[in-house]
file final16.cif (mmCIF, C-alpha atoms)
data_final
#
loop_
_atom_site.label_atom_id
_atom_site.label_comp_id
_atom_site.auth_asym_id
_atom_site.auth_seq_id
_atom_site.Cartn_x
_atom_site.Cartn_y
_atom_site.Cartn_z
CA MET A 1 196.05 101.99 89.99
CA LYS A 2 195.41 102.58 93.68
CA LYS A 3 194.31 106.14 92.90
CA ILE A 4 191.82 104.85 90.28
CA ILE A 5 190.36 102.37 92.79
CA LYS A 6 190.00 105.13 95.41
CA ILE A 7 188.25 107.35 92.88
CA LEU A 8 185.82 104.58 91.90
CA VAL A 9 185.01 103.85 95.56
CA CYS A 10 184.35 107.53 96.16
CA LEU A 11 182.07 107.73 93.14
CA VAL A 12 180.06 104.68 94.33
CA ILE A 13 179.69 106.22 97.80
CA ILE A 14 178.62 109.55 96.31
CA CYS A 15 176.04 107.80 94.06
CA ALA A 16 174.68 105.83 97.02
CA ILE A 17 174.32 109.03 99.03
CA ILE A 18 172.51 110.77 96.15
CA VAL A 19 170.10 107.83 95.66
CA THR A 20 169.38 107.71 99.40
CA LEU A 21 168.68 111.44 99.50
CA ILE A 22 166.32 111.16 96.51
CA MET A 23 164.38 108.34 98.20
CA ILE A 24 164.12 110.28 101.45
CA LEU A 25 162.82 113.35 99.65
CA LYS A 26 160.31 111.24 97.72
CA ASP A 27 159.03 109.62 100.91
CA LYS A 28 158.66 113.00 102.56
CA GLN A 29 156.73 114.31 99.58
CA GLN A 30 154.42 111.24 99.59
CA GLY A 31 153.96 111.59 103.33
CA THR A 32 153.10 115.26 102.95
CA ASP A 33 150.56 114.45 100.22
CA LYS A 34 149.05 111.70 102.36
CA ILE A 35 148.76 114.00 105.36
CA ARG A 36 147.15 116.67 103.24
CA ILE A 37 144.60 114.23 101.80
CA GLU A 38 143.71 112.91 105.26
CA ASP A 39 143.53 116.43 106.68
CA LYS A 40 141.27 117.44 103.86
CA PHE A 41 139.02 114.41 104.47
CA GLU A 42 138.82 115.00 108.21
CA SER A 43 138.09 118.69 107.88
CA ASN A 44 135.43 118.24 105.22
CA ASP A 45 132.13 119.20 106.90
CA THR A 46 129.98 118.52 103.84
CA TYR A 47 128.22 115.16 104.17
CA GLN A 48 126.53 113.78 101.08
CA ALA A 49 123.10 112.42 102.03
CA ASP A 50 121.84 109.34 100.21
CA ASN A 51 118.99 111.33 98.77
CA GLU A 52 118.46 115.03 98.17
CA ARG A 53 114.90 114.72 99.52
CA ILE A 54 113.75 114.12 103.06
CA LYS A 55 112.40 110.58 103.43
CA GLU A 56 109.66 109.16 105.59
CA LEU A 57 111.31 107.31 108.44
CA ASP A 58 111.48 103.56 107.82
CA ASN A 59 113.89 102.55 110.58
CA ARG A 60 112.02 101.21 113.57
CA ASN A 61 114.92 101.69 116.02
CA LYS A 62 115.18 105.38 115.12
CA TYR A 63 111.40 105.78 115.21
CA PHE A 64 111.15 104.52 118.78
CA ALA A 65 114.16 106.60 119.82
CA VAL A 66 112.33 109.69 118.53
CA LYS A 67 109.16 108.58 120.32
CA LYS A 68 111.10 108.33 123.61
CA ILE A 69 112.44 111.86 123.02
CA MET A 70 108.85 113.04 122.49
CA GLU A 71 107.81 111.40 125.75
CA LYS A 72 110.65 113.19 127.53
CA TYR A 73 109.58 116.51 125.99
CA ILE A 74 105.96 115.94 127.11
CA TYR A 75 107.12 115.13 130.64
CA TYR A 76 109.19 118.33 130.82
CA ILE A 77 106.42 120.64 129.59
CA GLN A 78 104.05 119.10 132.13
CA GLU A 79 106.61 119.66 134.88
CA MET A 80 106.92 123.28 133.77
CA LYS A 81 103.15 123.64 134.28
CA GLY A 82 103.35 121.94 137.70
CA ILE A 83 101.90 118.62 136.50
CA VAL A 84 103.34 115.32 137.74
CA ASN A 85 101.60 111.97 137.16
CA SER A 86 98.49 113.78 135.87
CA GLN A 87 98.21 115.77 139.11
CA LYS A 88 98.69 119.55 139.09
CA TYR A 89 100.61 121.12 141.97
CA ASP A 90 101.19 124.76 142.86
CA ASP A 91 104.85 123.98 143.53
CA THR A 92 107.53 126.36 142.27
CA ASP A 93 110.26 123.73 142.67
CA ILE A 94 108.47 121.40 140.25
CA MET A 95 107.92 124.23 137.78
CA GLU A 96 111.54 125.38 137.99
CA ASP A 97 112.72 121.82 137.39
CA GLY A 98 110.51 121.68 134.31
CA ILE A 99 111.88 125.01 133.05
CA ASN A 100 115.47 123.84 133.50
CA HIS A 101 114.81 120.47 131.89
CA LEU A 102 113.03 121.97 128.89
CA TYR A 103 115.70 124.64 128.41
CA ASP A 104 118.37 121.92 128.41
CA ILE A 105 116.80 120.17 125.40
CA LEU A 106 116.12 123.23 123.24
CA ASP A 107 118.62 123.62 120.42
CA GLU A 108 121.04 126.52 120.78
CA GLU A 109 120.07 127.78 117.31
CA TYR A 110 116.42 127.88 118.38
CA ILE A 111 117.31 129.65 121.63
CA SER A 112 119.34 132.24 119.74
CA GLU A 113 116.78 132.89 117.00
CA PHE A 114 113.86 133.41 119.40
CA ASN A 115 115.80 134.92 122.31
CA VAL A 116 114.59 132.19 124.66
CA ASN A 117 115.71 132.23 128.28
CA LYS A 118 114.53 130.60 131.48
CA SER A 119 112.41 133.61 132.32
CA ASN A 120 110.32 133.60 129.13
CA ILE A 121 110.37 129.92 128.17
CA GLN A 122 106.94 129.28 129.73
CA ASN A 123 105.40 131.65 127.20
CA LYS A 124 106.45 129.28 124.40
CA ILE A 125 104.27 126.39 125.60
CA LYS A 126 100.51 126.45 126.12
CA GLU A 127 98.77 124.34 128.75
CA TYR A 128 96.72 121.33 127.63
CA GLN A 129 93.90 119.36 129.19
CA ASN A 130 95.23 116.08 127.86
CA TYR A 131 98.93 115.32 127.32
CA ASP A 132 98.48 112.04 125.44
CA PHE A 133 100.11 112.55 122.06
CA GLU A 134 99.94 110.75 118.73
CA ILE A 135 102.71 110.79 116.15
CA LYS A 136 101.26 111.15 112.66
CA LYS A 137 104.41 111.14 110.51
CA ILE A 138 108.18 111.32 110.94
CA TYR A 139 110.56 112.28 108.15
CA MET A 140 114.35 112.21 108.39
CA PHE A 141 117.57 113.11 106.62
CA GLU A 142 121.23 112.78 107.54
CA LYS A 143 122.86 116.16 107.97
CA SER A 144 126.28 114.60 108.56
CA SER A 145 127.73 111.22 109.47
CA ASN A 146 126.53 111.56 113.07
CA ILE A 147 123.80 114.25 112.88
CA ASN A 148 120.22 113.35 111.91
CA ILE A 149 117.34 115.79 111.53
CA TYR A 150 113.76 114.57 112.11
CA PHE A 151 110.58 116.35 111.01
CA VAL A 152 107.90 115.24 113.47
CA TYR A 153 104.20 115.79 112.74
CA TRP A 154 101.99 114.96 115.71
CA LYS A 155 98.81 115.67 117.66
CA LEU A 156 98.51 116.79 121.25
CA ASP A 157 95.03 117.13 122.71
CA ASN A 158 93.18 118.78 119.79
CA ASP A 159 96.21 120.59 118.36
CA THR A 160 98.06 119.51 115.23
CA LEU A 161 101.73 120.27 115.85
CA ASN A 162 105.13 119.86 114.26
CA PHE A 163 108.71 120.35 115.27
CA LEU A 164 112.27 119.29 114.53
CA ILE A 165 114.48 116.97 116.50
CA LYS A 166 118.23 116.92 115.98
CA THR A 167 120.19 113.88 117.18
CA ASP A 168 123.92 113.33 117.61
CA SER A 169 124.75 109.62 117.41
CA LYS A 170 128.36 110.22 118.48
CA ASN A 171 127.45 111.81 121.83
CA MET A 172 124.00 110.15 121.97
CA THR A 173 122.38 113.52 122.57
CA PHE A 174 119.43 115.40 121.09
CA SER A 175 117.96 118.89 120.81
CA VAL A 176 114.53 120.23 119.87
CA PHE A 177 113.28 123.04 117.63
CA LEU A 178 109.67 124.02 118.35
CA GLY A 179 107.12 124.55 115.58
CA ASP A 180 107.62 128.31 115.29
CA TYR A 181 111.17 127.65 114.10
CA MET A 182 109.82 125.57 111.18
CA GLU A 183 107.24 128.23 110.42
CA ASN A 184 109.72 131.10 110.64
CA ASN A 185 112.21 129.35 108.34
CA LYS A 186 109.54 127.82 106.09
CA TYR A 187 110.87 124.31 106.70
CA ASP A 188 108.87 121.21 105.79
CA TYR A 189 109.56 117.65 104.68
CA ASN A 190 109.04 118.48 100.99
CA MET A 191 112.16 120.64 100.92
CA ASN A 192 115.48 119.83 99.34
CA VAL A 193 118.05 118.79 101.93
CA LYS A 194 120.44 121.49 100.74
CA ASP A 195 117.96 124.19 101.76
CA ILE A 196 117.97 123.12 105.43
CA LYS A 197 120.47 125.42 107.11
CA ILE A 198 120.56 123.76 110.51
CA SER A 199 124.14 123.35 111.74
CA ASP A 200 125.77 119.94 111.86
CA LYS A 201 127.63 120.95 115.00
CA SER A 202 127.74 118.28 117.70
CA ILE A 203 125.31 118.53 120.63
CA GLU A 204 126.99 118.82 124.00
CA LYS A 205 125.77 116.42 126.66
CA ASN A 206 123.86 117.56 129.73
CA ASP A 207 121.74 115.79 132.34
CA ASN A 208 118.52 115.99 130.30
CA ASN A 209 119.32 115.64 126.58
CA GLN A 210 120.54 112.07 126.26
CA PHE A 211 118.83 109.26 124.33
CA GLN A 212 119.50 105.71 123.26
CA TYR A 213 118.57 103.31 120.50
CA GLU A 214 116.77 100.07 121.27
CA ASN A 215 116.66 96.95 119.15
CA ILE A 216 112.99 96.73 118.14
CA SER A 217 112.11 93.14 117.23
CA ASP A 218 109.38 91.92 114.89
CA GLU A 219 107.44 90.73 117.93
CA LEU A 220 107.58 94.13 119.63
CA MET A 221 106.61 95.85 116.37
CA ALA A 222 103.65 93.50 115.91
CA THR A 223 102.57 94.06 119.52
CA THR A 224 102.77 97.82 119.00
CA TYR A 225 100.50 97.64 115.96
CA ILE A 226 98.04 95.38 117.76
CA SER A 227 97.81 97.79 120.70
CA ASP A 228 97.38 100.75 118.36
CA ILE A 229 94.58 99.03 116.43
CA LYS A 230 92.82 97.87 119.59
CA GLU A 231 92.84 101.42 120.95
CA LYS A 232 91.40 102.80 117.71
CA ILE A 233 88.72 100.08 117.58
CA LEU A 234 87.54 100.93 121.08
CA THR A 235 87.95 104.72 121.07
CA ASN A 236 87.71 105.98 117.51
CA PRO A 237 86.56 103.41 114.92
CA GLN A 238 85.81 106.19 112.43
CA VAL A 239 89.50 107.13 112.29
CA LEU A 240 90.41 103.48 111.76
CA TYR A 241 87.87 103.13 108.96
CA GLU A 242 88.72 106.36 107.16
CA ASN A 243 92.49 106.48 107.56
CA TYR A 244 93.75 102.93 108.12
CA MET A 245 91.83 100.81 105.62
CA GLU A 246 92.34 100.77 101.88
CA ASP A 247 89.27 101.69 99.85
CA ASN A 248 88.99 98.38 98.01
CA TYR A 249 89.00 96.45 101.29
CA LYS A 250 86.58 98.55 103.33
CA ASN A 251 84.15 98.95 100.42
CA GLU A 252 84.08 95.21 99.80
CA ARG A 253 84.01 94.13 103.44
CA PHE A 254 81.78 96.77 105.05
CA GLY A 255 80.47 99.11 102.39
CA SER A 256 79.94 102.07 104.72
CA LEU A 257 81.13 103.64 107.95
CA GLU A 258 77.74 102.93 109.55
CA THR A 259 78.06 99.19 108.84
CA PHE A 260 81.59 99.16 110.24
CA GLU A 261 80.62 101.00 113.41
CA LYS A 262 77.70 98.59 113.93
CA TYR A 263 80.09 95.66 113.49
CA ILE A 264 82.42 97.13 116.14
CA ASN A 265 79.58 97.83 118.58
CA ASP A 266 78.06 94.35 118.10
CA ASN A 267 81.43 92.75 118.95
CA LYS A 268 82.83 95.25 121.44
CA ASN A 269 83.19 92.72 124.26
CA GLU A 270 85.35 90.48 122.09
CA PHE A 271 87.51 93.38 120.89
CA GLU A 272 88.07 94.49 124.49
CA SER A 273 89.44 91.08 125.38
CA ILE A 274 91.44 90.20 122.24
CA GLU A 275 94.80 88.59 122.84
CA THR A 276 97.46 87.54 120.37
CA THR A 277 98.11 83.81 120.18
CA LYS A 278 100.30 83.75 117.04
CA TYR A 279 101.82 86.17 114.59
CA LEU A 280 103.68 85.94 111.30
CA VAL A 281 105.80 88.50 109.43
CA ASN A 282 106.07 88.50 105.63
CA LYS A 283 108.47 90.95 103.98
CA TYR A 284 107.77 92.19 100.46
CA ASP A 285 109.43 94.82 98.28
CA ASP A 286 106.85 97.55 98.96
CA TYR A 287 105.63 96.72 102.46
CA ILE A 288 105.95 94.44 105.48
CA GLU A 289 102.92 92.32 106.31
CA TYR A 290 102.06 91.33 109.89
CA VAL A 291 99.48 88.56 110.23
CA TRP A 292 98.24 87.88 113.72
CA LEU A 293 95.73 85.46 115.17
CA ASP A 294 93.63 86.10 118.28
CA GLN A 295 92.25 83.63 120.81
CA PHE A 296 89.06 83.23 118.74
CA ASN A 297 91.05 82.17 115.61
CA ASN A 298 90.31 85.51 113.95
CA TYR A 299 92.99 86.93 111.67
CA TYR A 300 94.17 90.54 111.40
CA ILE A 301 96.37 91.80 108.59
CA ILE A 302 98.64 94.83 108.95
CA LYS A 303 100.52 96.21 105.95
CA GLU A 304 103.34 98.52 106.99
CA LYS A 305 104.51 101.04 104.37
CA ALA A 306 106.70 102.96 106.85
CA ILE A 307 106.94 102.84 110.63
CA MET A 308 103.40 103.31 112.05
CA ASN A 309 102.20 104.12 108.53
CA TYR A 310 99.99 101.13 107.88
CA THR A 311 96.68 99.81 106.65
CA MET A 312 94.80 96.96 108.29
CA GLU A 313 92.23 94.30 107.44
CA PHE A 314 90.02 92.23 109.72
CA ASP A 315 90.40 89.02 107.74
CA THR A 316 92.45 87.15 105.15
CA TYR A 317 89.60 86.35 102.75
CA THR A 318 88.15 89.68 101.53
CA ILE A 319 91.44 90.54 99.82
CA LEU A 320 93.40 87.31 99.50
CA THR A 321 96.92 87.52 100.86
CA GLU A 322 99.91 86.71 98.67
CA LYS A 323 100.74 83.76 100.92
CA PHE A 324 97.23 82.33 100.55
CA LYS A 325 97.37 82.60 96.76
CA GLU A 326 100.85 81.10 96.62
CA THR A 327 99.82 78.10 98.76
CA TYR A 328 96.50 77.69 96.94
CA ASP A 329 98.12 77.71 93.50
CA LYS A 330 100.59 74.97 94.48
CA SER A 331 97.98 72.71 96.10
CA GLY A 332 95.86 69.87 94.78
CA ASP A 333 92.08 70.25 94.47
CA GLU A 334 91.26 68.45 97.72
CA TYR A 335 93.50 70.73 99.77
CA LYS A 336 92.15 73.78 97.93
CA CYS A 337 88.69 72.74 99.12
CA GLN A 338 89.92 72.44 102.68
CA MET A 339 91.41 75.95 102.46
CA ASN A 340 88.03 77.22 101.24
CA VAL A 341 86.13 75.47 104.05
CA ASP A 342 88.49 77.10 106.53
CA LYS A 343 87.87 80.44 104.84
CA PHE A 344 84.09 79.93 105.07
CA PHE A 345 84.28 79.36 108.83
CA GLN A 346 86.52 82.39 109.22
CA MET A 347 83.59 84.34 107.78
CA ILE A 348 81.19 82.66 110.20
CA ASN A 349 83.44 83.42 113.18
CA ARG A 350 83.67 87.04 112.02
CA LYS A 351 79.86 87.16 111.76
CA ASP A 352 80.30 88.12 108.12
CA TYR A 353 77.03 86.59 106.96
CA LYS A 354 76.94 88.66 103.78
CA THR A 355 80.16 87.14 102.38
CA SER A 356 79.55 83.61 103.67
CA TYR A 357 76.02 83.63 102.18
CA LYS A 358 77.54 84.42 98.78
CA CYS A 359 79.59 81.20 99.00
CA LEU A 360 76.47 79.03 98.96
CA ALA A 361 75.27 77.43 95.70
CA ASP A 362 72.19 79.15 94.27
CA SER A 363 70.07 75.99 94.22
CA TYR A 364 70.97 75.30 97.85
CA LYS A 365 70.04 78.84 98.89
CA ASN A 366 66.72 78.63 97.04
CA ASN A 367 65.82 75.44 98.89
CA TYR A 368 67.01 76.31 102.41
CA PHE A 369 67.94 79.96 102.86
CA LYS A 370 66.06 82.27 100.56
CA THR A 371 67.50 85.35 102.26
CA GLU A 372 70.74 86.29 103.95
CA ASN A 373 68.77 86.87 107.13
CA ASP A 374 67.44 83.28 107.06
CA PHE A 375 71.00 82.01 106.76
CA ALA A 376 72.30 84.26 109.55
CA ASN A 377 69.56 83.09 111.93
CA PHE A 378 70.35 79.43 111.19
CA VAL A 379 74.08 79.96 111.83
CA LYS A 380 73.45 81.77 115.12
CA SER A 381 71.15 78.97 116.29
CA ASN A 382 73.21 75.95 115.18
CA PHE A 383 76.89 76.88 115.02
CA TYR A 384 79.09 78.06 117.87
CA LYS A 385 79.97 81.71 118.26
CA TYR A 386 83.59 80.79 117.54
CA ASN A 387 84.06 77.52 115.69
CA LYS A 388 87.11 75.30 115.41
CA ILE A 389 86.98 72.87 112.49
CA THR A 390 88.57 69.41 112.19
CA PHE A 391 88.47 67.44 108.93
CA LYS A 392 87.46 63.80 109.50
CA LYS A 393 86.69 62.35 106.03
CA SER A 394 86.91 63.44 102.41
CA GLU A 395 85.74 61.97 99.11
CA GLN A 396 85.90 63.10 95.49
CA LYS A 397 82.41 63.11 93.96
CA GLY A 398 83.17 64.40 90.49
CA ASN A 399 85.31 66.83 88.49
CA ARG A 400 86.68 69.25 91.13
CA LEU A 401 83.75 68.24 93.36
CA TYR A 402 84.46 67.02 96.91
CA SER A 403 82.56 66.13 100.06
CA PHE A 404 83.93 66.50 103.59
CA GLU A 405 82.85 65.40 107.01
CA ILE A 406 84.04 67.92 109.56
CA GLU A 407 83.66 68.37 113.29
CA LEU A 408 82.93 71.68 114.97
CA THR A 409 84.06 72.43 118.51
CA ASP A 410 83.62 75.55 120.62
CA ILE A 411 86.88 77.56 120.70
CA THR A 412 85.88 79.26 123.95
CA GLY A 413 85.48 75.89 125.69
CA LYS A 414 82.11 76.87 127.16
CA ASN A 415 80.41 74.00 125.32
CA THR A 416 82.00 70.53 125.13
CA GLU A 417 79.60 69.11 122.53
CA THR A 418 81.03 68.18 119.11
CA LYS A 419 78.89 68.95 116.07
CA LYS A 420 79.19 67.11 112.75
CA VAL A 421 78.79 69.00 109.49
CA ASN A 422 78.85 67.56 105.97
CA VAL A 423 80.14 69.94 103.31
CA ILE A 424 79.98 69.59 99.53
CA MET A 425 82.23 71.93 97.55
CA GLN A 426 82.61 72.63 93.84
CA LEU A 427 85.81 74.43 92.80
CA LYS A 428 85.48 77.15 90.17
CA ASP A 429 88.05 79.13 88.19
CA ASN A 430 90.76 81.13 89.96
CA TYR A 431 89.92 81.19 93.69
CA ASP A 432 86.14 80.89 93.43
CA PHE A 433 83.98 78.07 94.75
CA VAL A 434 80.40 77.24 95.72
CA MET A 435 79.28 74.95 98.51
CA SER A 436 76.43 73.50 100.53
CA PHE A 437 76.31 71.88 103.96
CA SER A 438 74.09 69.77 106.19
CA MET A 439 74.07 68.92 109.87
#
call {"tool": "encode", "arguments": {"input": "final16.cif", "output": "structure tokens"}}
result
Amino acid sequence: MKKIIKILVCLVIICAIIVTLIMILKDKQQGTDKIRIEDKFESNDTYQADNERIKELDNRNKYFAVKKIMEKYIYYIQEMKGIVNSQKYDDTDIMEDGINHLYDILDEEYISEFNVNKSNIQNKIKEYQNYDFEIKKIYMFEKSSNINIYFVYWKLDNDTLNFLIKTDSKNMTFSVFLGDYMENNKYDYNMNVKDIKISDKSIEKNDNNQFQYENISDELMATTYISDIKEKILTNPQVLYENYMEDNYKNERFGSLETFEKYINDNKNEFESIETTKYLVNKYDDYIEYVWLDQFNNYYIIKEKAIMNYTMEFDTYTILTEKFKETYDKSGDEYKCQMNVDKFFQMINRKDYKTSYKCLADSYKNNYFKTENDFANFVKSNFYKYNKITFKKSEQKGNRLYSFEIELTDITGKNTETKKVNVIMQLKDNYDFVMSFSM
């Protein structure tokens, strides 16, 4: 019996040892598989971009990071030509600094392909009279999880240029490929991402190739657009008219470039002094709308399709905004009339006598203002240049017919007199109305 018990104990021990060995081997096999999977993941240098096509840049933080890189590039090429703070010096130290700085930001693939060195780098860059640049478009795709490639289309002086910027978000570094690299490799933003053979190798840090992202707020974005529009108004209104206004707006509001340029010239003093008092941001599926108000209670509408890719309007009444229509549709007739009175005086403040004249009832025009010019002369003589309206009394006179007593004050504060105006308004279908007034 004792022998049988000893045998059974031995068998149990042997079974336990076998089971333990099996579990250890299984764990080792699972661990090996896990290590292999992780190794495979970590060594996989193929990064699947969200889209096979290169997209126009719609991230404001990345846009302004690229703009800062462009500013750094412009500073370095000026240094290389001996230019500091718009002054040119015959100073070899300045030029050598510029050469070193520029060389530090050129991508190693670019340097290799074009045999660039510090002795011949100056031959790659021409000298310009004016180093103010304008970014026209930026397109981007993700080469890997930390490498982005940007196609930058821009203007410098009278030259239309393009080049590539590569950024490394892990090291917070960048490198530049000049335009001849794009030309030589036939690269452009219409290409398939898979055809771009630029390496996703990290960019080593040096003293001159670092960048950072900034958090660009709605307010800063709105301010940027306002500054850009103001500059175009004062320096190149033709560009603003032809490239930054939608056809349906500019045809309805101005009708021709000549009319627009006359409008700008007639109001140049006001445009030079415009300041933002309020702004509003409305976000829609296809665009972001910035509405801002200046010190004269004039509205400006900016519709952003991508960063710095926008159209603008000088008012909210020529093409009614979605917010206006939404509020109007929900309102009662009396408040709709008040919205229309406000719209009428927006036209007056904008000196848009053509549109405001159309708001007048035909019988009223026939009796008092037979021509648009008669009406414009009356407004200039009796209203303020910039009018603030206050509603004092209202009364319903009939079906969708209302009268209002309003007060006009001078927004500029130059005149302290208050003027009383009586308005009669008849609402029509949709957003139409006709009106008359007396003083």
call {"tool": "closest_residue", "arguments": {"input": "final16.cif", "among": "A:Glu322, A:Asp285, A:Glu214, A:Glu246", "to": "Val66 of chain A", "atoms": "only C-alpha atoms"}}
result
A:Glu214
call {"tool": "resolve_selection", "arguments": {"input": "final16.cif", "expression": "the PyMOL selection byres ((chain A and resi 360) around 6)", "output": "CSV table (one decimal) with C-alpha atoms, in the frame of the given file"}}
result
chain,number,residue,atom,x,y,z
A,357,TYR,CA,76.0,83.6,102.2
A,358,LYS,CA,77.5,84.4,98.8
A,359,CYS,CA,79.6,81.2,99.0
A,361,ALA,CA,75.3,77.4,95.7
A,434,VAL,CA,80.4,77.2,95.7
A,435,MET,CA,79.3,75.0,98.5
A,436,SER,CA,76.4,73.5,100.5
call {"tool": "closest_residue", "arguments": {"input": "final16.cif", "among": "A:Asn387, A:Thr92, A:Thr409, A:Ser394", "to": "Val423 of chain A", "atoms": "only C-alpha atoms"}}
result
A:Ser394
call {"tool": "atom_distance", "arguments": {"input": "final16.cif", "atom1": "atom CA of Lys155 of chain A", "atom2": "atom CA of Lys124 of chain A"}}
result
17.0 Å
call {"tool": "resolve_selection", "arguments": {"input": "final16.cif", "expression": "the PyMOL selection byres ((chain A and resi 180) around 12)", "output": "count of residues only"}}
result
22
call {"tool": "closest_residue", "arguments": {"input": "final16.cif", "among": "A:Ser227, A:Ser331, A:Ser403, A:Thr321", "to": "Thr276 of chain A", "atoms": "only C-alpha atoms"}}
result
A:Ser227
call {"tool": "closest_residue", "arguments": {"input": "final16.cif", "among": "A:Lys323, A:Lys268, A:Lys55, A:Lys336", "to": "Asn430 of chain A", "atoms": "only C-alpha atoms"}}
result
A:Lys336
call {"tool": "atom_distance", "arguments": {"input": "final16.cif", "atom1": "atom CA of Ala65 of chain A", "atom2": "atom CA of Tyr189 of chain A"}}
result
19.3 Å
call {"tool": "resolve_selection", "arguments": {"input": "final16.cif", "expression": "the PyMOL selection byres ((chain A and resi 351) around 10)", "output": "PyMOL selection string"}}
result
chain A and resi 263+266-267+345-350+352-356+376+379-380+385-386
call {"tool": "residues_around", "arguments": {"input": "final16.cif", "residues": "Leu156 of chain A", "least_positions_apart": "3", "cutoff": "10 Å", "atoms": "only C-alpha atoms", "output": "ChimeraX atom specification"}}
result
/A:74,128-135,159-161
call {"tool": "closest_residue", "arguments": {"input": "final16.cif", "among": "A:Phe324, A:Trp292, A:Tyr368, A:Phe141", "to": "Thr223 of chain A", "atoms": "all atoms listed in the file"}}
result
A:Trp292
call {"tool": "residues_around", "arguments": {"input": "final16.cif", "residues": "Asp207 of chain A", "least_positions_apart": "3", "cutoff": "9 Å", "atoms": "all atoms listed in the file", "output": "PyMOL selection string"}}
result
chain A and resi 101+104+210
call {"tool": "atom_distance", "arguments": {"input": "final16.cif", "atom1": "atom CA of Lys303 of chain A", "atom2": "atom CA of Leu280 of chain A"}}
result
12.0 Å
call {"tool": "residues_around", "arguments": {"input": "final16.cif", "residues": "Ile307 of chain A", "least_positions_apart": "6", "cutoff": "12 Å", "atoms": "all atoms listed in the file", "output": "PDB file with C-alpha atoms, keeping the file's coordinate frame"}}
result
ATOM      1  CA  LYS A  55     112.400 110.580 103.430  1.00  0.00           C
ATOM      2  CA  GLU A  56     109.660 109.160 105.590  1.00  0.00           C
ATOM      3  CA  LEU A  57     111.310 107.310 108.440  1.00  0.00           C
ATOM      4  CA  ASP A  58     111.480 103.560 107.820  1.00  0.00           C
ATOM      5  CA  ASN A  59     113.890 102.550 110.580  1.00  0.00           C
ATOM      6  CA  ARG A  60     112.020 101.210 113.570  1.00  0.00           C
ATOM      7  CA  ASN A  61     114.920 101.690 116.020  1.00  0.00           C
ATOM      8  CA  LYS A  62     115.180 105.380 115.120  1.00  0.00           C
ATOM      9  CA  TYR A  63     111.400 105.780 115.210  1.00  0.00           C
ATOM     10  CA  PHE A  64     111.150 104.520 118.780  1.00  0.00           C
ATOM     11  CA  VAL A  66     112.330 109.690 118.530  1.00  0.00           C
ATOM     12  CA  LYS A  67     109.160 108.580 120.320  1.00  0.00           C
ATOM     13  CA  ILE A 135     102.710 110.790 116.150  1.00  0.00           C
ATOM     14  CA  LYS A 136     101.260 111.150 112.660  1.00  0.00           C
ATOM     15  CA  LYS A 137     104.410 111.140 110.510  1.00  0.00           C
ATOM     16  CA  ILE A 138     108.180 111.320 110.940  1.00  0.00           C
ATOM     17  CA  TYR A 139     110.560 112.280 108.150  1.00  0.00           C
ATOM     18  CA  ILE A 216     112.990  96.730 118.140  1.00  0.00           C
ATOM     19  CA  ASP A 218     109.380  91.920 114.890  1.00  0.00           C
ATOM     20  CA  MET A 221     106.610  95.850 116.370  1.00  0.00           C
ATOM     21  CA  ALA A 222     103.650  93.500 115.910  1.00  0.00           C
ATOM     22  CA  THR A 224     102.770  97.820 119.000  1.00  0.00           C
ATOM     23  CA  TYR A 225     100.500  97.640 115.960  1.00  0.00           C
ATOM     24  CA  TYR A 287     105.630  96.720 102.460  1.00  0.00           C
ATOM     25  CA  ILE A 288     105.950  94.440 105.480  1.00  0.00           C
TER      26      ILE A 288
END
call {"tool": "closest_residue", "arguments": {"input": "final16.cif", "among": "A:Ser256, A:Asn373, A:Asn382, A:Gln122", "to": "Asn100 of chain A", "atoms": "all atoms listed in the file"}}
result
A:Gln122
call {"tool": "residues_around", "arguments": {"input": "final16.cif", "residues": "Gln238 of chain A", "least_positions_apart": "6", "cutoff": "9 Å", "atoms": "all atoms listed in the file", "output": "list in words"}}
result
Lys232, Leu257, Phe260 and Glu261 of chain A
call {"tool": "decode", "arguments": {"input": "final16.cif", "residues": "segment 327-345 of chain A", "atoms": "C-alpha atoms", "output": "PDB file, in the first residue's frame"}}
result
ATOM      1  CA  THR A 327     -33.629  86.143 -36.832  1.00  0.00           C
ATOM      2  CA  TYR A 328     -35.974  87.790 -39.334  1.00  0.00           C
ATOM      3  CA  ASP A 329     -37.951  84.595 -39.938  1.00  0.00           C
ATOM      4  CA  LYS A 330     -38.527  84.074 -36.200  1.00  0.00           C
ATOM      5  CA  SER A 331     -39.573  87.669 -35.496  1.00  0.00           C
ATOM      6  CA  GLY A 332     -42.932  89.413 -35.432  1.00  0.00           C
ATOM      7  CA  ASP A 333     -43.814  92.028 -38.054  1.00  0.00           C
ATOM      8  CA  GLU A 334     -42.979  95.034 -35.877  1.00  0.00           C
ATOM      9  CA  TYR A 335     -39.469  93.782 -35.164  1.00  0.00           C
ATOM     10  CA  LYS A 336     -39.004  92.871 -38.840  1.00  0.00           C
ATOM     11  CA  CYS A 337     -39.732  96.510 -39.643  1.00  0.00           C
ATOM     12  CA  GLN A 338     -37.158  97.665 -37.120  1.00  0.00           C
ATOM     13  CA  MET A 339     -34.571  95.346 -38.696  1.00  0.00           C
ATOM     14  CA  ASN A 340     -35.378  96.875 -42.087  1.00  0.00           C
ATOM     15  CA  VAL A 341     -35.089 100.446 -40.778  1.00  0.00           C
ATOM     16  CA  ASP A 342     -31.688  99.548 -39.363  1.00  0.00           C
ATOM     17  CA  LYS A 343     -30.741  98.063 -42.731  1.00  0.00           C
ATOM     18  CA  PHE A 344     -31.850 101.261 -44.516  1.00  0.00           C
ATOM     19  CA  PHE A 345     -29.591 103.403 -42.331  1.00  0.00           C
TER      20      PHE A 345
END
